[in-house]
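As provided, query.cif (mmCIF, C-alpha atoms) reads as follows.
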data_run
loop_
_atom_site.label_atom_id
_atom_site.label_comp_id
_atom_site.auth_asym_id
_atom_site.auth_seq_id
_atom_site.Cartn_x
_atom_site.Cartn_y
_atom_site.Cartn_z
CA MET L 233 60.09 -15.85 -32.13
CA GLN L 234 57.15 -16.80 -29.99
CA THR L 235 54.46 -18.25 -32.22
CA TYR L 236 51.64 -18.45 -29.78
CA ALA L 237 48.82 -19.12 -32.24
CA THR L 238 50.31 -22.23 -33.73
CA PRO L 239 49.47 -24.55 -30.82
CA VAL L 240 45.89 -23.27 -30.98
CA ILE L 241 45.60 -24.03 -34.69
CA GLU L 242 47.37 -27.37 -34.29
CA GLU L 243 44.88 -28.40 -31.61
CA MET L 244 41.93 -27.23 -33.67
CA LEU L 245 42.91 -29.20 -36.76
CA GLY L 246 41.63 -32.34 -35.06
CA THR L 247 38.16 -30.83 -34.58
CA PRO L 248 35.56 -30.86 -37.39
CA PRO L 249 35.64 -27.32 -38.85
CA PHE L 250 31.99 -26.48 -38.18
CA ALA L 251 31.51 -28.08 -34.77
CA LEU L 252 31.92 -25.23 -32.30
CA GLU L 253 28.83 -23.71 -30.68
CA ALA L 254 28.57 -20.03 -29.81
CA GLU L 255 29.45 -20.17 -26.13
CA ALA L 256 32.61 -22.25 -26.56
CA LYS L 257 33.61 -20.28 -29.63
CA ASN L 258 33.23 -16.92 -27.91
CA ALA L 259 35.40 -18.03 -25.00
CA LEU L 260 38.09 -19.37 -27.34
CA TYR L 261 37.98 -16.27 -29.53
CA ALA L 262 38.05 -13.75 -26.69
CA ARG L 263 41.20 -15.36 -25.32
CA THR L 264 42.96 -16.10 -28.61
CA LEU L 265 42.16 -12.80 -30.31
CA SER L 266 43.27 -10.83 -27.26
CA ASP L 267 46.61 -12.64 -27.38
CA LEU L 268 46.87 -12.25 -31.13
CA THR L 269 46.18 -8.51 -30.94
CA LEU L 270 48.88 -8.11 -28.33
CA HIS L 271 51.24 -10.19 -30.46
CA HIS L 272 50.81 -7.84 -33.43
CA TYR L 273 50.88 -4.75 -31.24
CA GLU L 274 54.25 -5.73 -29.86
CA ARG L 275 55.78 -6.68 -33.20
CA SER L 276 54.44 -4.26 -35.79
CA ARG L 277 55.17 -0.58 -35.44
CA GLU L 278 52.58 0.34 -38.04
CA TYR L 279 49.94 -1.79 -36.37
CA ARG L 280 50.79 -0.19 -33.03
CA ARG L 281 50.11 3.21 -34.55
CA VAL L 282 46.90 2.15 -36.25
CA SER L 283 45.48 0.26 -33.27
CA ARG L 284 46.20 3.17 -30.94
CA LEU L 285 44.29 5.42 -33.31
CA VAL L 286 41.22 3.24 -32.88
CA GLY L 287 41.60 3.39 -29.10
CA TYR L 288 43.33 0.11 -28.37
CA LYS L 289 45.37 -0.17 -25.18
CA PRO L 290 47.53 -3.25 -24.69
CA GLN L 291 45.52 -5.69 -22.61
CA THR L 292 44.78 -9.36 -22.48
CA GLU L 293 41.12 -9.84 -21.62
CA LEU L 294 39.04 -8.30 -24.39
CA GLN L 295 35.61 -9.40 -25.50
CA VAL L 296 35.39 -10.44 -29.16
CA GLU L 297 33.46 -7.31 -30.14
CA ASP L 298 36.08 -5.10 -28.52
CA ILE L 299 39.03 -6.49 -30.46
CA PRO L 300 40.32 -3.62 -32.62
CA TYR L 301 39.63 -3.94 -36.33
CA ILE L 302 41.45 -2.17 -39.07
CA PRO L 303 40.07 -1.09 -42.44
CA VAL L 304 41.15 -3.52 -45.13
CA ARG L 305 42.48 -0.72 -47.30
CA LEU L 306 45.29 -0.06 -44.82
CA PHE L 307 47.07 -3.09 -46.27
CA LYS L 308 47.44 -1.01 -49.41
CA GLU L 309 48.80 2.02 -47.63
CA PHE L 310 51.03 0.60 -44.93
CA GLU L 311 53.58 -2.12 -44.66
CA LEU L 312 51.82 -4.21 -42.05
CA ILE L 313 54.16 -6.96 -40.97
CA SER L 314 54.71 -8.64 -37.60
CA VAL L 315 57.81 -10.72 -38.27
CA ASP L 316 61.37 -10.04 -39.24
CA ARG L 317 61.64 -9.49 -43.02
CA ARG L 318 63.93 -12.48 -43.30
CA GLU L 319 61.13 -14.74 -42.07
CA VAL L 320 58.91 -13.82 -45.02
CA ILE L 321 58.65 -16.63 -47.56
CA LYS L 322 55.85 -15.25 -49.69
CA THR L 323 54.29 -11.88 -50.36
CA MET L 324 50.76 -12.00 -51.65
CA THR L 325 49.04 -9.19 -53.44
CA SER L 326 45.43 -8.49 -54.22
CA SER L 327 44.70 -8.70 -57.92
CA GLY L 328 44.43 -4.99 -58.59
CA THR L 329 44.62 -3.62 -62.08
CA SER L 330 47.80 -1.83 -63.06
CA GLY L 331 48.24 1.59 -61.54
CA GLN L 332 45.92 0.75 -58.68
CA ALA L 333 47.35 0.26 -55.21
CA VAL L 334 47.46 -3.38 -54.16
CA SER L 335 47.39 -4.98 -50.74
CA ARG L 336 50.61 -6.62 -49.66
CA ILE L 337 50.36 -9.54 -47.30
CA TYR L 338 53.55 -10.93 -45.80
CA LEU L 339 53.59 -14.62 -45.00
CA ASP L 340 56.09 -16.53 -42.94
CA ARG L 341 56.37 -20.29 -42.95
CA ILE L 342 53.92 -20.84 -40.10
CA THR L 343 51.17 -18.58 -41.36
CA ALA L 344 51.48 -19.94 -44.90
CA THR L 345 51.35 -23.54 -43.71
CA ASN L 346 48.38 -22.92 -41.43
CA GLN L 347 46.52 -21.22 -44.28
CA THR L 348 46.92 -24.29 -46.45
CA LYS L 349 46.02 -26.74 -43.69
CA VAL L 350 42.91 -24.84 -42.72
CA LEU L 351 41.74 -24.35 -46.32
CA VAL L 352 42.06 -28.09 -46.86
CA LYS L 353 40.12 -28.90 -43.65
CA ILE L 354 37.27 -26.55 -44.51
CA VAL L 355 36.88 -27.60 -48.13
CA SER L 356 37.35 -31.32 -47.41
CA SER L 357 34.42 -31.17 -45.03
CA PHE L 358 32.28 -30.31 -48.06
CA ILE L 359 33.75 -32.50 -50.79
CA GLY L 360 35.24 -35.41 -48.81
CA GLY L 361 38.82 -36.29 -48.01
CA LYS L 362 39.64 -38.04 -51.27
CA ARG L 363 41.62 -36.06 -53.84
CA LEU L 364 39.50 -35.73 -56.95
CA PRO L 365 40.69 -35.08 -60.50
CA LEU L 366 40.86 -31.30 -60.64
CA LEU L 367 40.01 -28.88 -63.41
CA ILE L 368 41.18 -25.32 -62.85
CA VAL L 369 38.97 -22.86 -64.69
CA ASP L 370 41.79 -20.48 -65.48
CA SER L 371 44.89 -20.05 -67.59
CA PRO L 372 48.23 -21.42 -66.34
CA THR L 373 49.72 -17.98 -66.96
CA VAL L 374 48.23 -16.87 -63.62
CA ILE L 375 50.80 -18.78 -61.60
CA ARG L 376 53.71 -18.10 -63.92
CA ASP L 377 54.83 -14.88 -62.27
CA ARG L 378 56.13 -16.38 -59.09
CA ALA L 379 57.93 -13.45 -57.54
CA LEU L 380 54.77 -11.64 -56.57
CA PHE L 381 51.86 -13.84 -55.90
CA SER L 382 48.37 -12.70 -56.73
CA ALA L 383 45.32 -13.70 -54.77
CA ARG L 384 44.20 -15.69 -57.80
CA GLY L 385 47.43 -17.63 -58.01
CA ALA L 386 47.38 -18.36 -54.30
CA GLY L 387 43.80 -19.56 -54.48
CA ILE L 388 44.58 -21.88 -57.36
CA LEU L 389 47.58 -23.37 -55.58
CA GLY L 390 45.69 -23.78 -52.32
CA PHE L 391 42.91 -25.67 -54.03
CA SER L 392 45.41 -27.70 -56.06
CA MET L 393 46.26 -29.55 -52.86
CA LEU L 394 42.74 -30.96 -52.84
CA GLY L 395 42.95 -32.47 -56.30
CA HIS L 396 45.13 -34.57 -58.52
CA ASP L 397 45.96 -34.54 -62.21
CA VAL L 398 45.52 -30.77 -61.93
CA THR L 399 44.56 -29.51 -65.39
CA TYR L 400 44.03 -25.95 -66.58
CA MET L 401 40.95 -25.57 -68.70
CA LEU L 402 41.90 -22.34 -70.45
CA ASP L 403 44.84 -21.60 -72.68
CA GLU L 404 47.04 -18.52 -72.61
CA ASN L 405 44.41 -16.50 -74.43
CA TYR L 406 41.64 -17.54 -72.05
CA GLN L 407 40.05 -19.81 -74.60
CA ILE L 408 38.77 -23.23 -73.54
CA ASP L 409 41.36 -25.82 -74.52
CA PHE L 410 38.90 -28.43 -75.77
CA ALA L 411 41.56 -30.93 -76.77
CA ARG L 412 43.07 -30.90 -73.30
CA LEU L 413 39.65 -30.97 -71.69
CA ASP L 414 38.44 -33.94 -73.72
CA THR L 415 41.57 -35.94 -72.90
CA PHE L 416 41.08 -35.18 -69.23
CA LEU L 417 37.40 -36.09 -69.18
CA GLU L 418 38.01 -39.32 -71.05
CA LYS L 419 40.78 -40.29 -68.66
CA HIS L 420 38.58 -39.73 -65.63
CA GLN L 421 35.34 -41.06 -67.00
CA GLY L 422 33.18 -42.46 -64.21
CA ASN L 423 34.92 -40.35 -61.56
CA ARG L 424 33.67 -37.29 -59.80
CA ILE L 425 35.56 -34.19 -60.95
CA LEU L 426 36.40 -31.16 -58.87
CA LEU L 427 36.32 -27.80 -60.64
CA PHE L 428 37.76 -24.64 -59.16
CA GLY L 429 37.77 -21.12 -60.47
CA PHE L 430 37.09 -17.49 -59.83
CA THR L 431 33.48 -16.50 -60.14
CA PHE L 432 33.90 -14.06 -62.99
CA ILE L 433 36.32 -16.30 -64.90
CA VAL L 434 33.91 -19.24 -64.63
CA TRP L 435 31.03 -17.11 -65.81
CA GLU L 436 32.77 -15.36 -68.67
CA TYR L 437 35.37 -17.79 -69.98
CA LEU L 438 33.61 -21.07 -69.27
CA CYS L 439 29.82 -20.60 -69.21
CA GLN L 440 29.55 -17.81 -71.78
CA ALA L 441 32.23 -19.35 -73.99
CA LEU L 442 30.37 -22.67 -73.97
CA ARG L 443 27.14 -20.93 -74.86
CA ARG L 444 28.84 -19.26 -77.82
CA SER L 445 30.50 -22.48 -78.94
CA GLY L 446 27.19 -24.32 -78.85
CA ARG L 447 28.84 -27.14 -76.96
CA GLN L 448 27.32 -28.50 -73.81
CA LEU L 449 29.39 -30.36 -71.26
CA LYS L 450 28.16 -33.12 -68.99
CA ILE L 451 30.62 -33.16 -66.14
CA ASP L 452 29.86 -35.20 -63.05
CA GLY L 453 31.45 -32.63 -60.83
CA ILE L 454 31.57 -30.21 -57.96
CA LEU L 455 32.38 -26.57 -58.67
CA ILE L 456 33.89 -24.35 -56.00
CA HIS L 457 34.15 -20.70 -56.93
CA GLY L 458 34.85 -17.42 -55.22
CA GLY L 459 36.54 -14.10 -55.61
CA GLY L 460 33.77 -11.59 -55.66
CA TRP L 461 30.55 -10.70 -57.38
CA LYS L 462 31.46 -7.15 -58.23
CA LYS L 463 31.76 -7.73 -61.96
CA LEU L 464 28.79 -10.08 -62.07
CA ALA L 465 26.58 -7.75 -60.09
CA SER L 466 27.12 -5.15 -62.80
CA LEU L 467 25.86 -7.75 -65.28
CA ALA L 468 22.92 -8.41 -62.94
CA VAL L 469 23.92 -12.02 -62.40
CA ASP L 470 22.98 -13.32 -58.96
CA ASN L 471 23.87 -16.58 -57.27
CA ALA L 472 20.74 -18.41 -58.44
CA THR L 473 21.32 -17.43 -62.07
CA PHE L 474 24.95 -18.38 -61.83
CA LYS L 475 24.12 -21.86 -60.57
CA LYS L 476 21.46 -22.37 -63.21
CA VAL L 477 23.79 -21.40 -66.04
CA VAL L 478 26.66 -23.54 -64.71
CA ASP L 479 24.29 -26.51 -64.68
CA GLU L 480 22.99 -25.76 -68.19
CA THR L 481 26.41 -25.32 -69.77
CA CYS L 482 28.61 -27.74 -67.81
CA GLY L 483 26.14 -30.19 -66.32
CA VAL L 484 27.52 -29.42 -62.87
CA SER L 485 24.80 -29.16 -60.24
CA SER L 486 26.91 -29.07 -57.07
CA VAL L 487 28.10 -25.49 -56.92
CA TYR L 488 29.60 -23.89 -53.84
CA ASN L 489 30.51 -20.26 -53.56
CA TYR L 490 33.09 -19.16 -51.05
CA TYR L 491 33.77 -15.75 -49.56
CA GLY L 492 37.22 -14.70 -48.46
CA MET L 493 39.85 -12.02 -48.66
CA VAL L 494 43.50 -12.15 -49.57
CA GLU L 495 44.06 -10.60 -46.13
CA GLN L 496 42.62 -13.76 -44.58
CA THR L 497 43.59 -16.52 -46.98
CA GLY L 498 42.80 -20.02 -45.77
CA SER L 499 39.97 -19.41 -43.32
CA ILE L 500 37.36 -18.97 -46.05
CA PHE L 501 33.60 -18.86 -45.58
CA MET L 502 31.83 -21.58 -47.55
CA GLU L 503 28.30 -21.67 -48.91
CA CYS L 504 26.23 -24.64 -47.72
CA SER L 505 23.35 -26.47 -49.39
CA GLN L 506 20.99 -23.80 -48.00
CA GLY L 507 22.78 -21.14 -50.02
CA VAL L 508 24.21 -19.24 -47.06
CA LEU L 509 27.82 -18.63 -46.07
CA HIS L 510 29.27 -20.21 -42.94
CA ALA L 511 32.00 -19.12 -40.54
CA SER L 512 34.15 -22.08 -39.56
CA ILE L 513 35.91 -22.59 -36.23
CA TYR L 514 38.87 -20.67 -37.70
CA SER L 515 36.98 -17.49 -38.47
CA ASP L 516 34.13 -15.32 -37.37
CA ILE L 517 32.08 -12.46 -38.66
CA ILE L 518 30.69 -9.36 -37.00
CA VAL L 519 28.23 -6.96 -38.62
CA ARG L 520 28.75 -3.32 -37.73
CA ASP L 521 26.58 -0.29 -38.08
CA PRO L 522 28.16 1.75 -40.91
CA ILE L 523 27.78 5.01 -38.98
CA THR L 524 28.25 4.21 -35.28
CA PHE L 525 30.32 1.03 -35.85
CA SER L 526 28.56 -0.71 -33.01
CA ALA L 527 28.15 -4.48 -33.37
CA LEU L 528 24.75 -5.54 -34.69
CA GLY L 529 22.90 -8.78 -34.01
CA PRO L 530 21.35 -11.22 -36.49
CA GLY L 531 18.88 -9.67 -38.90
CA SER L 532 20.60 -6.29 -39.25
CA THR L 533 22.50 -5.18 -42.31
CA GLY L 534 25.86 -3.49 -41.95
CA LEU L 535 29.57 -3.52 -42.70
CA LEU L 536 31.29 -6.88 -42.38
CA GLN L 537 34.17 -7.29 -39.97
CA LEU L 538 36.10 -10.52 -40.55
CA VAL L 539 38.05 -12.26 -37.86
CA SER L 540 40.56 -15.07 -38.40
CA LEU L 541 42.85 -16.97 -36.05
CA LEU L 542 45.45 -17.61 -38.75
CA PRO L 543 47.42 -14.41 -39.38
CA THR L 544 50.50 -14.24 -37.18
CA SER L 545 53.06 -12.79 -39.60
CA TYR L 546 50.88 -9.78 -40.45
CA PRO L 547 48.12 -8.09 -38.42
CA GLY L 548 45.16 -9.29 -40.48
CA HIS L 549 43.32 -11.17 -37.75
CA SER L 550 40.56 -8.56 -37.49
CA ILE L 551 39.67 -6.45 -40.51
CA LEU L 552 36.81 -4.23 -41.51
CA THR L 553 35.79 -4.89 -45.10
CA GLU L 554 33.95 -2.63 -47.54
CA ASP L 555 31.27 -5.28 -47.98
CA ILE L 556 27.83 -5.13 -46.49
CA GLY L 557 25.89 -8.13 -45.32
CA GLU L 558 23.77 -9.66 -42.65
CA VAL L 559 24.16 -12.44 -40.11
CA LEU L 560 21.16 -14.71 -40.64
CA GLY L 561 21.55 -16.91 -37.57
CA VAL L 562 23.89 -18.73 -35.22
CA ASP L 563 24.36 -22.50 -34.73
CA ASP L 564 20.95 -23.40 -36.20
CA CYS L 565 21.34 -23.56 -39.99
CA PRO L 566 19.25 -26.46 -41.34
CA CYS L 567 22.44 -27.85 -42.93
CA GLY L 568 23.61 -28.77 -39.41
CA ARG L 569 26.76 -26.65 -39.29
CA LYS L 570 27.45 -24.71 -36.12
CA GLY L 571 28.63 -21.11 -36.03
CA LYS L 572 27.32 -17.95 -37.63
CA TYR L 573 25.81 -18.04 -41.09
CA PHE L 574 25.37 -14.97 -43.20
CA CYS L 575 25.00 -13.43 -46.62
CA VAL L 576 26.93 -10.73 -48.44
CA GLN L 577 24.84 -8.12 -50.19
CA GLY L 578 27.46 -6.17 -52.04
CA ARG L 579 29.99 -3.40 -51.82
CA VAL L 580 29.36 -0.41 -49.68
CA LYS L 581 30.00 2.00 -52.56
CA ASN L 582 27.41 0.67 -54.98
CA ALA L 583 25.11 0.08 -52.07
CA GLU L 584 22.20 -1.27 -54.03
CA VAL L 585 20.90 -3.49 -51.30
CA ARG L 586 19.67 -6.64 -52.92
CA GLY L 587 18.67 -8.03 -49.55
CA CYS L 588 19.23 -11.60 -48.54
CA SER L 589 15.85 -12.75 -49.76
CA ASP L 590 17.20 -13.81 -53.13
CA VAL L 591 19.48 -16.21 -51.26
CA TYR L 592 16.42 -18.08 -50.11
CA ALA L 593 14.53 -17.58 -53.32
CA SER L 594 17.12 -19.72 -55.04
CA HIS L 595 16.02 -22.82 -53.11
CA MET T 158 69.75 -50.69 -65.39
CA THR T 159 67.07 -50.26 -62.75
CA MET T 160 67.34 -47.39 -60.36
CA THR T 161 66.83 -47.75 -56.63
CA ASN T 162 63.96 -45.89 -54.99
CA LYS T 163 66.50 -43.47 -53.55
CA GLN T 164 67.90 -42.75 -57.01
CA ARG T 165 64.41 -42.21 -58.40
CA TYR T 166 63.51 -39.93 -55.49
CA ASP T 167 66.69 -37.93 -55.98
CA LYS T 168 66.13 -37.61 -59.69
CA VAL T 169 62.63 -36.17 -59.20
CA PHE T 170 64.05 -33.63 -56.76
CA MET T 171 66.87 -32.60 -59.07
CA ASP T 172 64.63 -32.35 -62.12
CA ALA T 173 61.79 -30.55 -60.38
CA LEU T 174 63.89 -28.09 -58.41
CA ASN T 175 66.81 -27.85 -60.80
CA LEU T 176 69.36 -29.05 -58.24
CA GLN T 177 72.69 -30.88 -58.19
CA PRO T 178 73.39 -34.11 -56.24
CA GLN T 179 75.33 -32.19 -53.59
CA ASP T 180 72.24 -30.05 -52.91
CA LEU T 181 70.29 -33.05 -51.66
CA ASN T 182 70.76 -33.16 -47.91
CA ASP T 183 68.92 -32.69 -44.62
CA ASP T 184 69.08 -28.91 -44.95
CA LEU T 185 66.98 -28.95 -48.10
CA ILE T 186 63.60 -27.73 -46.86
CA TYR T 187 60.55 -26.10 -48.39
CA ASN T 188 61.42 -22.58 -49.49
CA SER T 189 65.15 -22.98 -48.79
CA VAL T 190 65.78 -22.81 -52.54
CA ALA T 191 63.94 -20.47 -54.89
CA ALA T 192 62.50 -23.25 -57.04
CA TRP T 193 60.89 -24.99 -54.07
CA ASP T 194 58.07 -22.50 -53.63
CA SER T 195 54.39 -23.37 -53.64
CA VAL T 196 54.32 -23.73 -57.43
CA GLY T 197 57.45 -25.88 -57.44
CA HIS T 198 56.02 -27.92 -54.60
CA MET T 199 52.87 -28.89 -56.46
CA SER T 200 54.71 -29.85 -59.62
CA MET T 201 57.22 -31.91 -57.64
CA MET T 202 54.39 -33.70 -55.80
CA ALA T 203 52.79 -34.52 -59.14
CA ALA T 204 56.14 -35.78 -60.46
CA LEU T 205 56.66 -38.01 -57.41
CA GLU T 206 53.18 -39.44 -57.75
CA THR T 207 53.81 -40.27 -61.37
CA GLU T 208 57.26 -41.70 -60.70
CA PHE T 209 56.10 -44.00 -57.91
CA ASP T 210 52.55 -44.50 -59.16
CA ILE T 211 50.93 -43.45 -55.91
CA MET T 212 48.35 -40.95 -54.76
CA MET T 213 49.28 -39.14 -51.59
CA GLU T 214 46.81 -37.85 -49.07
CA THR T 215 46.35 -34.11 -48.86
CA ASP T 216 47.85 -33.98 -45.37
CA ASP T 217 51.01 -35.66 -46.65
CA ILE T 218 51.37 -33.12 -49.45
CA ILE T 219 51.20 -30.37 -46.85
CA ASP T 220 53.58 -32.12 -44.45
CA PHE T 221 56.13 -32.83 -47.20
CA SER T 222 58.34 -30.05 -45.90
CA SER T 223 61.89 -31.29 -46.46
CA TYR T 224 64.03 -33.73 -48.39
CA PRO T 225 64.33 -36.19 -45.46
CA LYS T 226 60.67 -35.73 -44.42
CA GLY T 227 59.62 -36.69 -47.94
CA MET T 228 61.28 -40.11 -47.64
CA GLU T 229 59.50 -40.67 -44.36
CA ILE T 230 56.17 -39.79 -46.00
CA LEU T 231 56.75 -41.97 -49.05
CA SER T 232 57.51 -44.95 -46.81
CA LYS T 233 53.84 -44.78 -45.76
CA TYR T 234 53.06 -45.69 -49.35
CA GLU T 235 55.29 -48.73 -49.16
CA ILE T 236 58.22 -47.10 -50.87
CA GLN T 237 61.32 -48.18 -49.02
CA PHE T 238 64.59 -46.32 -49.01
#
Mind converting the file's structure to structure tokens?
Amino acid sequence: MQTYATPVIEEMLGTPPFALEAEAKNALYARTLSDLTLHHYERSREYRRVSRLVGYKPQTELQVEDIPYIPVRLFKEFELISVDRREVIKTMTSSGTSGQAVSRIYLDRITATNQTKVLVKIVSSFIGGKRLPLLIVDSPTVIRDRALFSARGAGILGFSMLGHDVTYMLDENYQIDFARLDTFLEKHQGNRILLFGFTFIVWEYLCQALRRSGRQLKIDGILIHGGGWKKLASLAVDNATFKKVVDETCGVSSVYNYYGMVEQTGSIFMECSQGVLHASIYSDIIVRDPITFSALGPGSTGLLQLVSLLPTSYPGHSILTEDIGEVLGVDDCPCGRKGKYFCVQGRVKNAEVRGCSDVYASH
Amino acid sequence: MTMTNKQRYDKVFMDALNLQPQDLNDDLIYNSVAAWDSVGHMSMMAALETEFDIMMETDDIIDFSSYPKGMEILSKYEIQF
């Protein structure tokens, strides 16, 4: 099988992940995404059908905005796969509740490896290249069912690469395992600790549980969390509140949110010190008008289209999410990172537009 | 009786992936046996680090893609086979 995108990714791994300016990035993306679209068009019957429906005709020289994008929910309805079944080494699913349709994402060896490599590059650029002692804010039961891999399990394993002495903070009943935690903290006294968890799990089973227990932790650490604000938004918890409470309960003041989808594992968007999310050289974001679907410039709110160079075994390189947000600027974030930076305002369904102002208000 | 590095390496593989001595050969690559999936990989990496008292770099954990490749990687940490 021709695996055209691999040389591109291999070459890019030597470049710092936030170093590409708009002009160079657009040229690279126009070329690579055109090829990638053709690759999926030729290999996936379902994608061929879907991309024709949105007006795509096989061609090589498309502009980035003209690359077809498919609604993310199609991964729940169709078997979108661009490799022979025998090449699939892992099938990932979104963590839907039982009875609900889940997305199925088919990974071959190359896509899976690139996802891991890119995740490590992006996150290392924030926390440094050294593997830190790692606390997973979750229960080990999440990775126990290995046949079908949930987004949560995949996230935990991906981040496990960045740490050592990987220790789960919660027991099987989602209670903090204080004995295990104390042993871990004693062992690594004087060292910086990395914590990883899903936003809601961190909030509910770590922060709130600590509040109830009356115990306050003092961890010299960095927390990376992601996986959606849907549940927290319903509790009216915003990013600023989240950070404040994490600091109060755990003593952790370096807190980074990330935004990503199971359909584009690896090329995640990370929050910088300014509190905004950044596209790396491996991904991009386009805001679209929710009615006309035309691409909108910085400062306009609309539906988020996510673009990633990683997916070759399934056609997830350009997807339209159900999230709304706004591109805040390009190449000129005060943190120094190049590329687009943006904020996510919520789901399109409960479209209470919080606006991006509370992003800034938190600083 | 002290074990050679090769014997220690083999033992970690067999214990972590539930394999027999005859399974250890150049064809043994990541995902070629059910137990060597991403979960199995991470626990085997942890077991190797404990066994040889080393800490591998992240890139090496990712590149550790086969039984022979692993020996090549460990030799960077002054473990000779």
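Residues of chain L having any atom within 8 Å of chain T, counting all atoms listed in the file, are Ile321, Thr345, Thr348, Lys349, Val352, Gly361, Lys362, Arg363, Ile375, Arg378, Leu389, Ser392, Met393, Leu394, His396 and Asp397 of chain L.
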Could you write out as a ChimeraX atom specification the residues that the PyMOL selection byres ((chain L and resi 292) around 6) matches in the shown file?
-> /L:266,291,293
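Neighbours of T:Thr161 closer than or equal to 12 Å, with all atoms listed in the file counted and sequence neighbours fewer than 3 positions away skipped, come out as Met158, Gln164, Arg165, Tyr166, Asp167, Lys168, Phe209, Ile236, Gln237 and Phe238 of chain T.
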Selection from above, C-alpha atoms, as a PDB file, in the frame of the given file, can you write it?
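Written out: part-v8.pdb:
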ATOM      1  CA  MET T 158      69.750 -50.690 -65.390  1.00  0.00           C
ATOM      2  CA  GLN T 164      67.900 -42.750 -57.010  1.00  0.00           C
ATOM      3  CA  ARG T 165      64.410 -42.210 -58.400  1.00  0.00           C
ATOM      4  CA  TYR T 166      63.510 -39.930 -55.490  1.00  0.00           C
ATOM      5  CA  ASP T 167      66.690 -37.930 -55.980  1.00  0.00           C
ATOM      6  CA  LYS T 168      66.130 -37.610 -59.690  1.00  0.00           C
ATOM      7  CA  PHE T 209      56.100 -44.000 -57.910  1.00  0.00           C
ATOM      8  CA  ILE T 236      58.220 -47.100 -50.870  1.00  0.00           C
ATOM      9  CA  GLN T 237      61.320 -48.180 -49.020  1.00  0.00           C
ATOM     10  CA  PHE T 238      64.590 -46.320 -49.010  1.00  0.00           C
TER      11      PHE T 238
END
Would you list the contacts of L:Gln537 as an NGL selection string, taking every protein, DNA or RNA residue within 10 Å and counting all atoms listed in the file, but skipping same-chain residues closer than 5 positions in sequence?
-> :L and (297 or 301-304 or 516-520 or 527 or 550-557)
Within 12 Å of (42.1, -29.5, -73.3), only C-alpha atoms: residues as a ChimeraX atom specification?
-> /L:367-371,398-403,407-419
Check the smallest atom-to-atom distance from each of L:Leu455, L:Val240, L:Ile313, L:Leu306 to L:Tyr488 using all atoms listed in the file, then report the winner.
-> L:Leu455
Explicit residue set for the PyMOL selection byres ((chain L and resi 354-359) around 8), as a ChimeraX atom specification = /L:248-249,350-353,360-361,394,454,499-500,502,512
Work out how far atom CA of L:His420 is from atom CA of L:Gln506, in Å to one decimal.
->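 So the two atoms, atom CA of L:Gln506 and atom CA of L:His420, lie 29.6 Å apart.
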Report as a count of residues only the full result of the PyMOL selection byres ((chain T and resi 181) around 12) when it is applied to this structure.
-> 27
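Of the listed residues L:Tyr437, L:Phe310, L:Tyr514, L:Tyr261, the one whose atoms come nearest to L:Pro547 is L:Phe310, with distances taken using all atoms listed in the file.
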Atomic distance atom CA of L:Val580 - atom CA of L:Leu541, expressed in Å with one decimal |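 Separation of atom CA of L:Val580 and atom CA of L:Leu541: 25.3 Å.
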Show me as a compact mmCIF listing (two decimals) with C-alpha atoms, in the coordinates of the input the residues that reach within 7 Å of (20.8, -7.3, -41.3), counting all atoms listed in the file and using the file's own coordinates.
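New file point-v9.txt:
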# COMPACT_ATOMS: atom_id res chain seq x y z
CA PRO L 530 21.35 -11.22 -36.49
CA GLY L 531 18.88 -9.67 -38.90
CA SER L 532 20.60 -6.29 -39.25
CA THR L 533 22.50 -5.18 -42.31
CA GLY L 534 25.86 -3.49 -41.95
CA GLY L 557 25.89 -8.13 -45.32
CA GLU L 558 23.77 -9.66 -42.65
CA VAL L 559 24.16 -12.44 -40.11
In Å to one decimal, how far is atom CA of L:Arg424 from atom CA of L:Gly492?
->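 Atom-to-atom, atom CA of L:Gly492 and atom CA of L:Arg424 are spaced 25.5 Å apart.
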Using all atoms listed in the file, which residue out of L:Gly548, L:Gly483, L:Pro522, L:Gly529 lies closest to L:Ser283?
->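 Of all the options, L:Gly548 lies closest to L:Ser283.
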